[in-house]
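So this block is query_22.txt, compact mmCIF, C-alpha atoms:
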```
# COMPACT_ATOMS: atom_id res chain seq x y z
CA MET A 1 0.00 0.00 0.00
CA ARG A 2 2.79 2.37 1.02
CA ALA A 3 4.74 1.56 -2.13
CA SER A 4 1.63 2.26 -4.18
CA SER A 5 1.10 5.57 -2.39
CA GLU A 6 4.73 6.51 -2.92
CA ALA A 7 4.47 5.68 -6.63
CA SER A 8 1.35 7.78 -6.84
CA GLY A 9 3.06 10.69 -5.11
CA GLU A 10 5.97 10.36 -7.50
CA ARG A 11 3.57 10.44 -10.44
CA GLU A 12 1.98 13.60 -9.08
CA ARG A 13 5.37 15.25 -8.84
CA GLY A 14 5.83 14.22 -12.45
CA LEU A 15 2.57 15.99 -13.28
CA VAL A 16 3.76 19.19 -11.61
CA ASP A 17 6.94 18.99 -13.69
CA TRP A 18 4.86 18.32 -16.80
CA PHE A 19 2.93 21.56 -16.29
CA ARG A 20 6.08 23.58 -15.53
CA GLU A 21 7.61 22.35 -18.74
CA ALA A 22 4.47 22.94 -20.80
CA GLY A 23 3.80 26.47 -19.54
CA PRO A 24 0.39 28.18 -19.42
CA VAL A 25 -2.53 25.83 -20.06
CA LEU A 26 -6.13 26.03 -21.15
CA LEU A 27 -8.02 23.15 -19.56
CA GLY A 28 -11.22 21.65 -20.92
CA PHE A 29 -13.11 21.58 -17.63
CA SER A 30 -16.24 19.74 -16.52
CA GLY A 31 -16.03 19.90 -12.74
CA GLY A 32 -15.65 16.10 -12.71
CA VAL A 33 -13.02 14.03 -10.93
CA ASP A 34 -10.33 14.17 -13.60
CA SER A 35 -10.42 17.76 -14.81
CA SER A 36 -10.81 19.07 -11.25
CA TYR A 37 -7.73 17.20 -10.08
CA LEU A 38 -5.86 18.38 -13.14
CA ALA A 39 -6.91 21.97 -12.44
CA ALA A 40 -5.74 21.75 -8.83
CA VAL A 41 -2.30 20.47 -9.79
CA ALA A 42 -2.01 22.96 -12.66
CA VAL A 43 -2.76 25.87 -10.33
CA GLU A 44 -0.19 24.55 -7.87
CA ALA A 45 2.44 24.16 -10.59
CA LEU A 46 1.81 27.34 -12.58
CA GLY A 47 -0.21 29.70 -10.44
CA ALA A 48 -3.84 30.57 -11.14
CA SER A 49 -2.98 33.36 -13.57
CA ARG A 50 -1.43 30.85 -16.00
CA VAL A 51 -4.32 28.39 -15.97
CA LEU A 52 -7.70 28.88 -17.63
CA ALA A 53 -10.48 26.34 -17.15
CA VAL A 54 -13.12 26.38 -19.85
CA LEU A 55 -16.54 24.77 -19.57
CA GLY A 56 -18.53 24.06 -22.73
CA VAL A 57 -22.19 24.89 -22.16
CA SER A 58 -25.11 23.49 -24.17
CA ALA A 59 -28.41 21.67 -23.68
CA SER A 60 -26.50 18.44 -23.12
CA LEU A 61 -24.97 19.82 -19.90
CA ALA A 62 -27.20 19.17 -16.90
CA ASP A 63 -27.93 22.25 -14.79
CA GLU A 64 -26.65 20.45 -11.70
CA GLN A 65 -23.36 19.64 -13.44
CA ARG A 66 -22.91 23.27 -14.46
CA ALA A 67 -23.42 24.33 -10.84
CA VAL A 68 -20.94 21.69 -9.65
CA ALA A 69 -18.34 22.89 -12.16
CA ARG A 70 -18.68 26.50 -10.98
CA ASP A 71 -18.42 25.47 -7.34
CA VAL A 72 -15.39 23.23 -7.88
CA ALA A 73 -13.57 25.90 -9.90
CA THR A 74 -14.07 28.37 -7.06
CA ARG A 75 -12.83 25.88 -4.49
CA VAL A 76 -9.80 24.91 -6.56
CA GLY A 77 -9.07 28.56 -7.27
CA VAL A 78 -8.94 28.21 -11.04
CA PRO A 79 -10.35 30.94 -13.31
CA LEU A 80 -13.37 29.57 -15.18
CA VAL A 81 -14.82 30.70 -18.49
CA GLU A 82 -18.08 29.27 -19.86
CA VAL A 83 -18.28 28.97 -23.62
CA PRO A 84 -21.50 28.11 -25.46
CA THR A 85 -21.24 25.17 -27.82
CA PHE A 86 -23.67 24.27 -30.59
CA GLU A 87 -23.28 20.56 -31.21
CA LEU A 88 -27.05 20.11 -31.52
CA ASP A 89 -26.95 22.26 -34.67
CA ASP A 90 -24.65 19.67 -36.28
CA PRO A 91 -26.80 17.04 -38.07
CA ALA A 92 -23.99 14.51 -37.71
CA TYR A 93 -24.18 14.88 -33.92
CA ALA A 94 -27.96 15.18 -33.67
CA ALA A 95 -28.43 11.89 -35.57
CA ASN A 96 -26.78 10.24 -32.55
CA PRO A 97 -24.45 7.75 -34.22
CA THR A 98 -22.20 5.52 -32.15
CA ASP A 99 -19.40 8.05 -32.61
CA ARG A 100 -21.61 10.95 -31.48
CA CYS A 101 -18.96 12.00 -28.97
CA TYR A 102 -16.56 12.71 -31.81
CA PHE A 103 -18.86 15.39 -33.24
CA CYS A 104 -19.49 16.86 -29.80
CA LYS A 105 -15.80 17.10 -29.00
CA ARG A 106 -15.02 18.43 -32.46
CA GLU A 107 -17.41 21.29 -31.72
CA LEU A 108 -16.03 21.75 -28.21
CA TRP A 109 -12.37 21.81 -29.16
CA GLY A 110 -13.16 23.84 -32.26
CA ARG A 111 -14.27 26.61 -29.90
CA LEU A 112 -11.78 26.09 -27.08
CA ALA A 113 -8.55 25.53 -29.00
CA PRO A 114 -8.52 29.01 -30.63
CA LEU A 115 -8.98 30.58 -27.19
CA GLY A 116 -5.91 28.75 -25.98
CA ARG A 117 -3.83 29.52 -29.03
CA GLU A 118 -4.54 33.25 -28.93
CA ARG A 119 -3.34 33.24 -25.31
CA GLY A 120 -0.27 31.14 -26.06
CA MET A 121 -1.59 28.30 -23.93
CA VAL A 122 -1.18 24.54 -24.29
CA ILE A 123 -4.60 22.88 -24.55
CA VAL A 124 -5.16 19.99 -22.10
CA ASP A 125 -7.96 17.70 -21.04
CA GLY A 126 -8.62 15.26 -18.20
CA THR A 127 -8.45 12.00 -20.16
CA ASN A 128 -6.84 9.37 -17.92
CA ALA A 129 -5.05 6.08 -18.58
CA ASP A 130 -8.20 3.98 -18.03
CA ASP A 131 -10.07 6.00 -20.63
CA LEU A 132 -7.70 4.86 -23.34
CA ALA A 133 -9.14 1.34 -23.09
CA ASP A 134 -12.77 2.54 -23.37
CA TRP A 135 -14.93 3.32 -26.38
CA ARG A 136 -14.21 7.05 -26.58
CA PRO A 137 -14.53 8.43 -30.10
CA GLY A 138 -14.23 11.94 -28.65
CA GLY A 139 -10.53 11.27 -28.18
CA ARG A 140 -10.00 11.47 -31.94
CA ALA A 141 -11.36 15.03 -32.01
CA ALA A 142 -9.05 15.99 -29.17
CA GLU A 143 -6.10 14.58 -31.06
CA GLN A 144 -7.05 16.47 -34.20
CA ALA A 145 -7.21 19.70 -32.19
CA GLY A 146 -3.78 19.09 -30.70
CA VAL A 147 -5.10 18.56 -27.18
CA ARG A 148 -2.66 17.04 -24.68
CA SER A 149 -3.79 14.59 -21.98
CA PRO A 150 -1.17 14.71 -19.20
CA LEU A 151 -3.02 12.31 -16.89
CA ALA A 152 -3.08 9.64 -19.58
CA GLU A 153 0.46 10.44 -20.70
CA LEU A 154 1.75 9.90 -17.17
CA GLY A 155 -0.35 6.77 -16.57
CA PHE A 156 -2.80 8.06 -13.95
CA THR A 157 -5.69 5.63 -13.42
CA LYS A 158 -9.12 6.74 -12.23
CA ALA A 159 -8.59 5.13 -8.84
CA GLU A 160 -5.31 6.93 -8.45
CA ILE A 161 -6.86 10.28 -9.38
CA ARG A 162 -9.58 9.75 -6.80
CA ALA A 163 -6.99 8.88 -4.15
CA ARG A 164 -4.83 11.90 -4.96
CA SER A 165 -7.94 14.09 -4.99
CA ALA A 166 -8.89 12.83 -1.54
CA ALA A 167 -5.37 13.51 -0.28
CA ARG A 168 -5.77 17.10 -1.49
CA GLY A 169 -9.21 17.43 0.09
CA LEU A 170 -10.88 18.03 -3.26
CA PRO A 171 -14.69 17.80 -3.14
CA THR A 172 -14.65 15.71 -6.31
CA ALA A 173 -12.74 12.73 -4.87
CA GLU A 174 -15.86 10.57 -4.51
CA LEU A 175 -18.00 12.28 -7.13
CA PRO A 176 -19.90 9.83 -9.34
CA ALA A 177 -19.18 10.05 -13.06
CA ALA A 178 -21.50 12.54 -14.78
CA PRO A 179 -21.42 12.16 -18.54
CA CYS A 180 -23.51 14.48 -20.70
CA LEU A 181 -27.27 14.05 -20.94
CA ALA A 182 -27.03 12.82 -24.53
CA SER A 183 -25.48 9.63 -23.16
CA ARG A 184 -28.98 8.69 -21.90
CA LEU A 185 -30.36 8.41 -25.45
CA PRO A 186 -29.83 5.14 -27.32
CA TYR A 187 -27.72 5.46 -30.43
CA GLY A 188 -29.89 6.31 -33.41
CA THR A 189 -32.40 8.25 -31.33
CA ALA A 190 -32.05 11.86 -32.44
CA VAL A 191 -30.60 14.21 -29.85
CA THR A 192 -33.01 17.10 -29.35
CA THR A 193 -33.23 19.87 -26.80
CA ASP A 194 -36.64 18.56 -25.67
CA ARG A 195 -35.35 15.03 -25.04
CA LEU A 196 -32.31 16.25 -23.18
CA ALA A 197 -34.51 18.51 -21.05
CA MET A 198 -36.84 15.58 -20.31
CA VAL A 199 -33.97 13.41 -19.11
CA GLY A 200 -32.59 16.30 -17.07
CA ARG A 201 -35.97 16.94 -15.44
CA ALA A 202 -36.41 13.26 -14.58
CA GLU A 203 -32.98 12.94 -12.98
CA SER A 204 -33.48 16.20 -11.05
CA ALA A 205 -36.86 14.98 -9.83
CA LEU A 206 -35.33 11.70 -8.66
CA ARG A 207 -32.59 13.58 -6.82
CA GLY A 208 -35.41 15.64 -5.35
CA VAL A 209 -37.00 12.57 -3.76
CA GLY A 210 -33.66 11.62 -2.25
CA ILE A 211 -32.09 9.27 -4.78
CA GLY A 212 -28.36 9.33 -4.05
CA GLY A 213 -25.26 7.88 -5.69
CA ASP A 214 -25.15 6.75 -9.28
CA LEU A 215 -28.28 7.46 -11.28
CA ARG A 216 -29.18 7.42 -14.95
CA VAL A 217 -32.52 7.86 -16.65
CA ARG A 218 -32.22 6.10 -19.99
CA HIS A 219 -34.57 7.49 -22.60
CA HIS A 220 -36.57 4.98 -24.66
CA GLY A 221 -39.29 7.17 -26.16
CA GLU A 222 -42.20 7.31 -23.75
CA LEU A 223 -40.43 4.85 -21.45
CA ALA A 224 -37.81 5.92 -18.92
CA ARG A 225 -35.48 3.15 -17.80
CA VAL A 226 -34.01 4.08 -14.45
CA GLU A 227 -30.63 2.75 -13.39
CA LEU A 228 -29.87 3.01 -9.67
CA GLY A 229 -26.87 2.21 -7.52
CA PRO A 230 -26.96 -0.90 -5.28
CA GLU A 231 -28.21 0.89 -2.17
CA GLU A 232 -31.04 2.64 -3.95
CA LEU A 233 -31.96 -0.57 -5.77
CA ALA A 234 -32.30 -2.30 -2.41
CA ARG A 235 -34.65 0.46 -1.23
CA CYS A 236 -37.02 -0.47 -4.07
CA ALA A 237 -38.26 -3.30 -1.86
CA ASP A 238 -40.41 -0.57 -0.34
CA ALA A 239 -43.52 -0.13 -2.50
CA ALA A 240 -43.86 3.47 -1.36
CA ARG A 241 -40.38 4.14 -2.71
CA LEU A 242 -41.39 2.74 -6.10
CA ARG A 243 -44.42 5.01 -6.13
CA GLU A 244 -42.18 8.01 -5.45
CA ILE A 245 -39.87 7.04 -8.30
CA ARG A 246 -42.75 6.51 -10.68
CA ALA A 247 -44.37 9.82 -9.79
CA ALA A 248 -41.10 11.73 -10.08
CA VAL A 249 -40.27 10.36 -13.52
CA ARG A 250 -43.81 10.72 -14.83
CA GLY A 251 -43.83 14.31 -13.65
CA ALA A 252 -40.89 14.89 -15.98
CA GLY A 253 -43.00 13.81 -18.96
CA TYR A 254 -42.50 10.05 -19.31
CA ALA A 255 -45.62 7.92 -19.69
CA ARG A 256 -43.93 4.70 -18.54
CA VAL A 257 -41.24 3.99 -15.97
CA ALA A 258 -39.07 0.90 -15.50
CA ILE A 259 -36.31 0.00 -13.07
CA ASP A 260 -33.26 -1.71 -14.53
CA LEU A 261 -32.81 -4.90 -12.49
CA ARG A 262 -29.05 -4.97 -12.83
CA GLY A 263 -28.74 -1.41 -11.64
CA PHE A 264 -26.42 1.36 -12.73
CA ARG A 265 -23.56 0.61 -15.04
CA SER A 266 -21.60 3.06 -17.09
CA GLY A 267 -22.13 2.76 -20.82
CA SER A 268 -25.15 0.44 -20.68
CA LEU A 269 -26.49 1.97 -23.88
CA ASN A 270 -23.24 0.97 -25.57
CA VAL A 271 -24.23 -2.61 -24.74
CA LEU A 272 -27.80 -2.17 -25.97
CA GLY A 273 -26.46 -0.53 -29.12
CA GLY A 274 -24.05 -3.40 -29.71
CA VAL A 275 -20.98 -1.13 -29.45
CA VAL A 276 -19.48 -3.20 -26.63
CA ALA A 277 -20.19 -6.70 -25.34
CA ALA A 278 -22.70 -7.28 -22.51
CA MET B 1 -23.30 -13.25 -35.22
CA SER B 2 -25.42 -13.58 -32.07
CA SER B 3 -28.97 -14.91 -32.20
CA PRO B 4 -31.93 -12.59 -31.51
CA PRO B 5 -33.33 -12.40 -27.98
CA ASP B 6 -35.74 -15.21 -27.06
CA ALA B 7 -38.68 -13.82 -25.07
CA SER B 8 -40.27 -17.26 -24.68
CA ALA B 9 -37.13 -18.70 -23.10
CA LEU B 10 -37.01 -15.79 -20.66
CA ALA B 11 -40.70 -16.16 -19.85
CA ARG B 12 -40.16 -19.85 -19.03
CA ALA B 13 -37.20 -18.99 -16.81
CA LEU B 14 -39.24 -16.36 -14.99
CA GLU B 15 -42.04 -18.83 -14.43
CA ALA B 16 -39.55 -21.28 -12.94
CA LEU B 17 -38.35 -18.50 -10.63
CA GLY B 18 -41.93 -17.75 -9.60
CA VAL B 19 -41.81 -14.26 -11.10
CA ALA B 20 -45.21 -13.33 -12.51
CA CYS B 21 -44.43 -11.06 -15.43
CA GLU B 22 -45.17 -10.67 -19.10
CA VAL B 23 -42.04 -10.23 -21.21
CA ARG B 24 -42.01 -7.43 -23.75
CA VAL B 25 -39.16 -7.02 -26.16
CA GLU B 26 -37.76 -3.62 -27.06
CA GLY B 27 -34.71 -4.39 -29.19
CA ALA B 28 -32.10 -5.96 -26.91
CA LEU B 29 -34.04 -4.80 -23.86
CA ALA B 30 -36.39 -7.15 -22.01
CA LEU B 31 -39.17 -5.29 -20.30
CA LEU B 32 -40.99 -7.21 -17.57
CA VAL B 33 -44.55 -6.13 -16.94
CA PRO B 34 -45.98 -7.54 -13.68
CA THR B 35 -49.12 -9.62 -14.01
CA GLY B 36 -49.55 -9.96 -10.26
CA SER B 37 -48.81 -7.92 -7.20
CA ALA B 38 -46.01 -8.94 -4.89
CA ALA B 39 -42.71 -7.61 -3.63
CA PHE B 40 -39.97 -6.09 -5.78
CA PRO B 41 -37.54 -8.95 -6.49
CA ASP B 42 -34.94 -9.48 -3.78
CA PRO B 43 -31.23 -9.29 -4.72
CA VAL B 44 -30.88 -13.04 -5.31
CA THR B 45 -33.96 -13.16 -7.54
CA ARG B 46 -32.84 -10.04 -9.38
CA ARG B 47 -29.50 -11.65 -10.11
CA ARG B 48 -31.23 -14.78 -11.39
CA ILE B 49 -33.52 -12.73 -13.59
CA VAL B 50 -30.55 -10.82 -15.03
CA GLU B 51 -28.75 -14.12 -15.72
CA ALA B 52 -31.86 -15.62 -17.32
CA ALA B 53 -32.26 -12.55 -19.51
CA ARG B 54 -28.62 -12.74 -20.57
CA ASP B 55 -28.99 -16.45 -21.34
CA ALA B 56 -32.03 -15.61 -23.48
CA GLY B 57 -29.96 -13.13 -25.48
CA PHE B 58 -31.03 -9.84 -23.90
CA ALA B 59 -28.50 -7.10 -23.13
CA SER B 60 -30.64 -5.58 -20.39
CA VAL B 61 -33.73 -6.38 -18.32
CA SER B 62 -36.01 -3.93 -16.56
CA LEU B 63 -39.16 -4.10 -14.47
CA GLU B 64 -41.91 -1.72 -15.49
CA LEU B 65 -43.73 0.12 -12.71
CA PRO B 66 -47.33 -0.12 -13.84
CA ASP B 67 -50.27 2.03 -12.82
CA GLY B 68 -51.84 1.28 -9.49
CA PRO B 69 -50.98 1.71 -5.85
CA ASP B 70 -48.49 -1.13 -5.66
CA PRO B 71 -46.05 -1.20 -8.60
CA ALA B 72 -44.26 -4.42 -7.89
CA ALA B 73 -43.68 -7.89 -9.21
CA GLY B 74 -42.83 -11.30 -7.99
```

Output the file's structure as structure tokens, nothing else.
Amino acid sequence: MRASSEASGERERGLVDWFREAGPVLLGFSGGVDSSYLAAVAVEALGASRVLAVLGVSASLADEQRAVARDVATRVGVPLVEVPTFELDDPAYAANPTDRCYFCKRELWGRLAPLGRERGMVIVDGTNADDLADWRPGGRAAEQAGVRSPLAELGFTKAEIRARSAARGLPTAELPAAPCLASRLPYGTAVTTDRLAMVGRAESALRGVGIGGDLRVRHHGELARVELGPEELARCADAARLREIRAAVRGAGYARVAIDLRGFRSGSLNVLGGVVAA
Amino acid sequence: MSSPPDASALARALEALGVACEVRVEGALALLVPTGSAAFPDPVTRRRIVEAARDAGFASVSLELPDGPDPAAG
């Protein structure tokens, strides 16, 4: 354990050196575990005046996630700029193909990279070493835009980033993953502002009745398929709880509500869409 | 190439588990609609249902919460 902690500390020192060598950075920021940790180390290495965190804002960003990003940026002490993005105007994105994330990130980096270049900043993102093994077509857009991924380059795993975040007292150390709302729509289902808003309302309503931990509302037309973490799934033994869930999701506009019996798992629509194996 | 999901096989497995549900197919998703009223499946039964659904070729299995005061299955 100690050896592992020492190796992790050594890697973090390597990250500080990486930033000092790279110089000023513009960071694609979401307020999630990875980009928040990266922001904290960048500020430590370079000073806040040489780091700019940029959050892409569109209908696919949940209101709660936007609020979290603002809060985390304040706590980390990194300057934050919010930039509107218009991926829904791109028919290639809106058609929701399996490489939808590529078109989203192409739009995002197409807006962020010029901001960095005009300031003489290196563009970085929070991609980590684990991500490289996942289905992440957005990575291609980042490559094309010349984005660097220091966490992946230095071999940081997600678990390691969480541990280092906890050691720094970052509020994001235990934060559940929060991918964009479009990830709740099965591939081939067009991404529209109305559908994204419906998913967002349903998840907000479920949080409002006290659903904690991992949560996804998967959109299947008039049916909402709710994925819960193990603790919340166990609470479904209470019929009153099920009624609360049903009422909350229906109030968001869904006619039918179902609970996924396996519970939350990241990328479940990739499985349903045949992108990855079950 | 994998074979298409088999709703009948899943329905038979559910019957053997004592789970009273109709199986509806939505692509690779099995949607269980309760035909009775009992408790939400316990963790062991849920795991067995998930395994049965996988064996029948489904990528995912969900329990619909129907209208009525007691949306449950079993």

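Distance-wise, CA of Gly200 in chain A and CA of Asp130 in chain A end up 27.3 Å apart.
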
Go through chain A and flag each residue having an atom no more than 7 Å from chain B; for those, report the closest pair of atoms plus their distance in Å to one decimal, using all atoms listed in the file, ordered by chain and rising number, as JSON lines.
```
{"residue": "A:Cys236", "atom": "CA", "partner": "B:Phe40", "partner_atom": "CA", "distance": 6.6}
{"residue": "A:Ala237", "atom": "CA", "partner": "B:Phe40", "partner_atom": "CA", "distance": 5.1}
{"residue": "A:Ala239", "atom": "CA", "partner": "B:Asp70", "partner_atom": "CA", "distance": 6.0}
{"residue": "A:Leu242", "atom": "CA", "partner": "B:Pro71", "partner_atom": "CA", "distance": 6.6}
{"residue": "A:Arg243", "atom": "CA", "partner": "B:Pro71", "partner_atom": "CA", "distance": 6.9}
{"residue": "A:Arg246", "atom": "CA", "partner": "B:Leu65", "partner_atom": "CA", "distance": 6.8}
{"residue": "A:Val257", "atom": "CA", "partner": "B:Leu65", "partner_atom": "CA", "distance": 5.6}
{"residue": "A:Ala258", "atom": "CA", "partner": "B:Glu64", "partner_atom": "CA", "distance": 3.9}
{"residue": "A:Ile259", "atom": "CA", "partner": "B:Leu63", "partner_atom": "CA", "distance": 5.2}
{"residue": "A:Asp260", "atom": "CA", "partner": "B:Ser62", "partner_atom": "CA", "distance": 4.1}
{"residue": "A:Leu261", "atom": "CA", "partner": "B:Ser62", "partner_atom": "CA", "distance": 5.3}
{"residue": "A:Arg262", "atom": "CA", "partner": "B:Val50", "partner_atom": "CA", "distance": 6.4}
{"residue": "A:Val271", "atom": "CA", "partner": "B:Ala59", "partner_atom": "CA", "distance": 6.4}
{"residue": "A:Leu272", "atom": "CA", "partner": "B:Ala59", "partner_atom": "CA", "distance": 5.7}
{"residue": "A:Ala278", "atom": "CA", "partner": "B:Ala59", "partner_atom": "CA", "distance": 5.8}
```

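Among the candidate residues A:Pro176, A:Gly169, A:Gly188, A:Gly208, the one lying nearest to Phe264 in chain A is A:Pro176, with distances computed using all atoms listed in the file.
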
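For the pair CA of Ser8 in chain B and CA of Val217 in chain A, the interatomic distance is 27.5 Å.
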
Size and centre in Å, one decimal, axis-aligned box, all listed range 63-67 of chain B atoms plus 4 Å per side, as AutoDock Vina command-line options:
```
--center_x -44.7 --center_y -1.0 --center_z -14.1 --size_x 19.1 --size_y 14.1 --size_z 10.8
```

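Coordinates place CA of Glu222 in chain A at a distance of 12.4 Å from CA of Gly251 in chain A.
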
Quick one: residues within 7 Å of Ala52 in chain B, all atoms listed in the file counted, chain neighbours fewer than 4 positions away excluded, as an MDAnalysis selection string? chainID B and resid 10 13 48 56

Please, could you write that set of residues out with C-alpha atoms as a PDB file, in the coordinates of the input?
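This went into out15.pdb:
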```pdb
ATOM      1  CA  LEU B  10     -37.010 -15.790 -20.660  1.00  0.00           C
ATOM      2  CA  ALA B  13     -37.200 -18.990 -16.810  1.00  0.00           C
ATOM      3  CA  ARG B  48     -31.230 -14.780 -11.390  1.00  0.00           C
ATOM      4  CA  ALA B  56     -32.030 -15.610 -23.480  1.00  0.00           C
TER       5      ALA B  56
END
```

Quick one: residues within 9 Å of Arg136 in chain A, only C-alpha atoms counted, chain neighbours fewer than 6 positions away excluded, as a ChimeraX atom specification? /A:99,101-102

Which residues are close to Leu108 in chain A, i.e. within 9 Å by only C-alpha atoms, leaving aside same-chain residues fewer than 2 positions away? Reply as a PyMOL selection string. chain A and resi 28+56+83-87+103-106+110-113

Kindly export the residues of the current selection with C-alpha atoms, as a PDB file, in the frame of the given file.
```
ATOM      1  CA  GLY A  28     -11.220  21.650 -20.920  1.00  0.00           C
ATOM      2  CA  GLY A  56     -18.530  24.060 -22.730  1.00  0.00           C
ATOM      3  CA  VAL A  83     -18.280  28.970 -23.620  1.00  0.00           C
ATOM      4  CA  PRO A  84     -21.500  28.110 -25.460  1.00  0.00           C
ATOM      5  CA  THR A  85     -21.240  25.170 -27.820  1.00  0.00           C
ATOM      6  CA  PHE A  86     -23.670  24.270 -30.590  1.00  0.00           C
ATOM      7  CA  GLU A  87     -23.280  20.560 -31.210  1.00  0.00           C
ATOM      8  CA  PHE A 103     -18.860  15.390 -33.240  1.00  0.00           C
ATOM      9  CA  CYS A 104     -19.490  16.860 -29.800  1.00  0.00           C
ATOM     10  CA  LYS A 105     -15.800  17.100 -29.000  1.00  0.00           C
ATOM     11  CA  ARG A 106     -15.020  18.430 -32.460  1.00  0.00           C
ATOM     12  CA  GLY A 110     -13.160  23.840 -32.260  1.00  0.00           C
ATOM     13  CA  ARG A 111     -14.270  26.610 -29.900  1.00  0.00           C
ATOM     14  CA  LEU A 112     -11.780  26.090 -27.080  1.00  0.00           C
ATOM     15  CA  ALA A 113      -8.550  25.530 -29.000  1.00  0.00           C
TER      16      ALA A 113
END
```

For Arg218 in chain A, please output as a PyMOL selection string all residues within 10 Å (counting all atoms listed in the file; exclusion window: fewer than 5 positions along the same chain). chain A and resi 181-186+199+202-203+223-227+258+260+268-269

If you count only C-alpha atoms, which residues fall within 7 Å of Val124 in chain A, apart from same-chain ones fewer than 2 positions away, as a PyMOL selection string? chain A and resi 25-28+122+147-149

Could you add the missing atoms to range 133-145 of chain A, up to N, CA, C and O atoms, and return them as a PDB file, in the frame of the given file?
```
ATOM      1  N   ALA A 133      -8.654   2.680 -22.772  1.00  0.00           N
ATOM      2  CA  ALA A 133      -9.140   1.340 -23.090  1.00  0.00           C
ATOM      3  C   ALA A 133     -10.637   1.330 -23.412  1.00  0.00           C
ATOM      4  O   ALA A 133     -11.175   0.319 -23.836  1.00  0.00           O
ATOM      5  N   ASP A 134     -11.323   2.466 -23.167  1.00  0.00           N
ATOM      6  CA  ASP A 134     -12.770   2.540 -23.370  1.00  0.00           C
ATOM      7  C   ASP A 134     -13.115   2.962 -24.796  1.00  0.00           C
ATOM      8  O   ASP A 134     -12.260   3.446 -25.538  1.00  0.00           O
ATOM      9  N   TRP A 135     -14.402   2.812 -25.110  1.00  0.00           N
ATOM     10  CA  TRP A 135     -14.930   3.320 -26.380  1.00  0.00           C
ATOM     11  C   TRP A 135     -15.104   4.822 -26.239  1.00  0.00           C
ATOM     12  O   TRP A 135     -16.049   5.296 -25.617  1.00  0.00           O
ATOM     13  N   ARG A 136     -14.179   5.595 -26.752  1.00  0.00           N
ATOM     14  CA  ARG A 136     -14.210   7.050 -26.580  1.00  0.00           C
ATOM     15  C   ARG A 136     -13.853   7.743 -27.893  1.00  0.00           C
ATOM     16  O   ARG A 136     -12.739   8.224 -28.078  1.00  0.00           O
ATOM     17  N   PRO A 137     -14.811   7.794 -28.816  1.00  0.00           N
ATOM     18  CA  PRO A 137     -14.530   8.430 -30.100  1.00  0.00           C
ATOM     19  C   PRO A 137     -14.181   9.905 -29.969  1.00  0.00           C
ATOM     20  O   PRO A 137     -13.570  10.479 -30.875  1.00  0.00           O
ATOM     21  N   GLY A 138     -14.559  10.524 -28.844  1.00  0.00           N
ATOM     22  CA  GLY A 138     -14.230  11.940 -28.650  1.00  0.00           C
ATOM     23  C   GLY A 138     -12.729  12.166 -28.603  1.00  0.00           C
ATOM     24  O   GLY A 138     -12.250  13.267 -28.890  1.00  0.00           O
ATOM     25  N   GLY A 139     -11.983  11.137 -28.258  1.00  0.00           N
ATOM     26  CA  GLY A 139     -10.530  11.270 -28.180  1.00  0.00           C
ATOM     27  C   GLY A 139      -9.903  11.639 -29.519  1.00  0.00           C
ATOM     28  O   GLY A 139      -8.890  12.338 -29.576  1.00  0.00           O
ATOM     29  N   ARG A 140     -10.525  11.179 -30.594  1.00  0.00           N
ATOM     30  CA  ARG A 140     -10.000  11.470 -31.940  1.00  0.00           C
ATOM     31  C   ARG A 140     -10.089  12.977 -32.224  1.00  0.00           C
ATOM     32  O   ARG A 140      -9.181  13.572 -32.799  1.00  0.00           O
ATOM     33  N   ALA A 141     -11.203  13.581 -31.800  1.00  0.00           N
ATOM     34  CA  ALA A 141     -11.360  15.030 -32.010  1.00  0.00           C
ATOM     35  C   ALA A 141     -10.327  15.804 -31.209  1.00  0.00           C
ATOM     36  O   ALA A 141      -9.799  16.823 -31.674  1.00  0.00           O
ATOM     37  N   ALA A 142     -10.058  15.324 -30.006  1.00  0.00           N
ATOM     38  CA  ALA A 142      -9.050  15.990 -29.170  1.00  0.00           C
ATOM     39  C   ALA A 142      -7.681  15.915 -29.833  1.00  0.00           C
ATOM     40  O   ALA A 142      -6.943  16.904 -29.895  1.00  0.00           O
ATOM     41  N   GLU A 143      -7.384  14.748 -30.360  1.00  0.00           N
ATOM     42  CA  GLU A 143      -6.100  14.580 -31.060  1.00  0.00           C
ATOM     43  C   GLU A 143      -5.982  15.539 -32.235  1.00  0.00           C
ATOM     44  O   GLU A 143      -4.954  16.192 -32.423  1.00  0.00           O
ATOM     45  N   GLN A 144      -7.062  15.611 -33.017  1.00  0.00           N
ATOM     46  CA  GLN A 144      -7.050  16.470 -34.200  1.00  0.00           C
ATOM     47  C   GLN A 144      -6.852  17.941 -33.835  1.00  0.00           C
ATOM     48  O   GLN A 144      -6.307  18.715 -34.605  1.00  0.00           O
ATOM     49  N   ALA A 145      -7.331  18.302 -32.633  1.00  0.00           N
ATOM     50  CA  ALA A 145      -7.210  19.700 -32.190  1.00  0.00           C
ATOM     51  C   ALA A 145      -5.897  19.943 -31.450  1.00  0.00           C
ATOM     52  O   ALA A 145      -5.657  21.053 -30.973  1.00  0.00           O
TER      53      ALA A 145
END
```
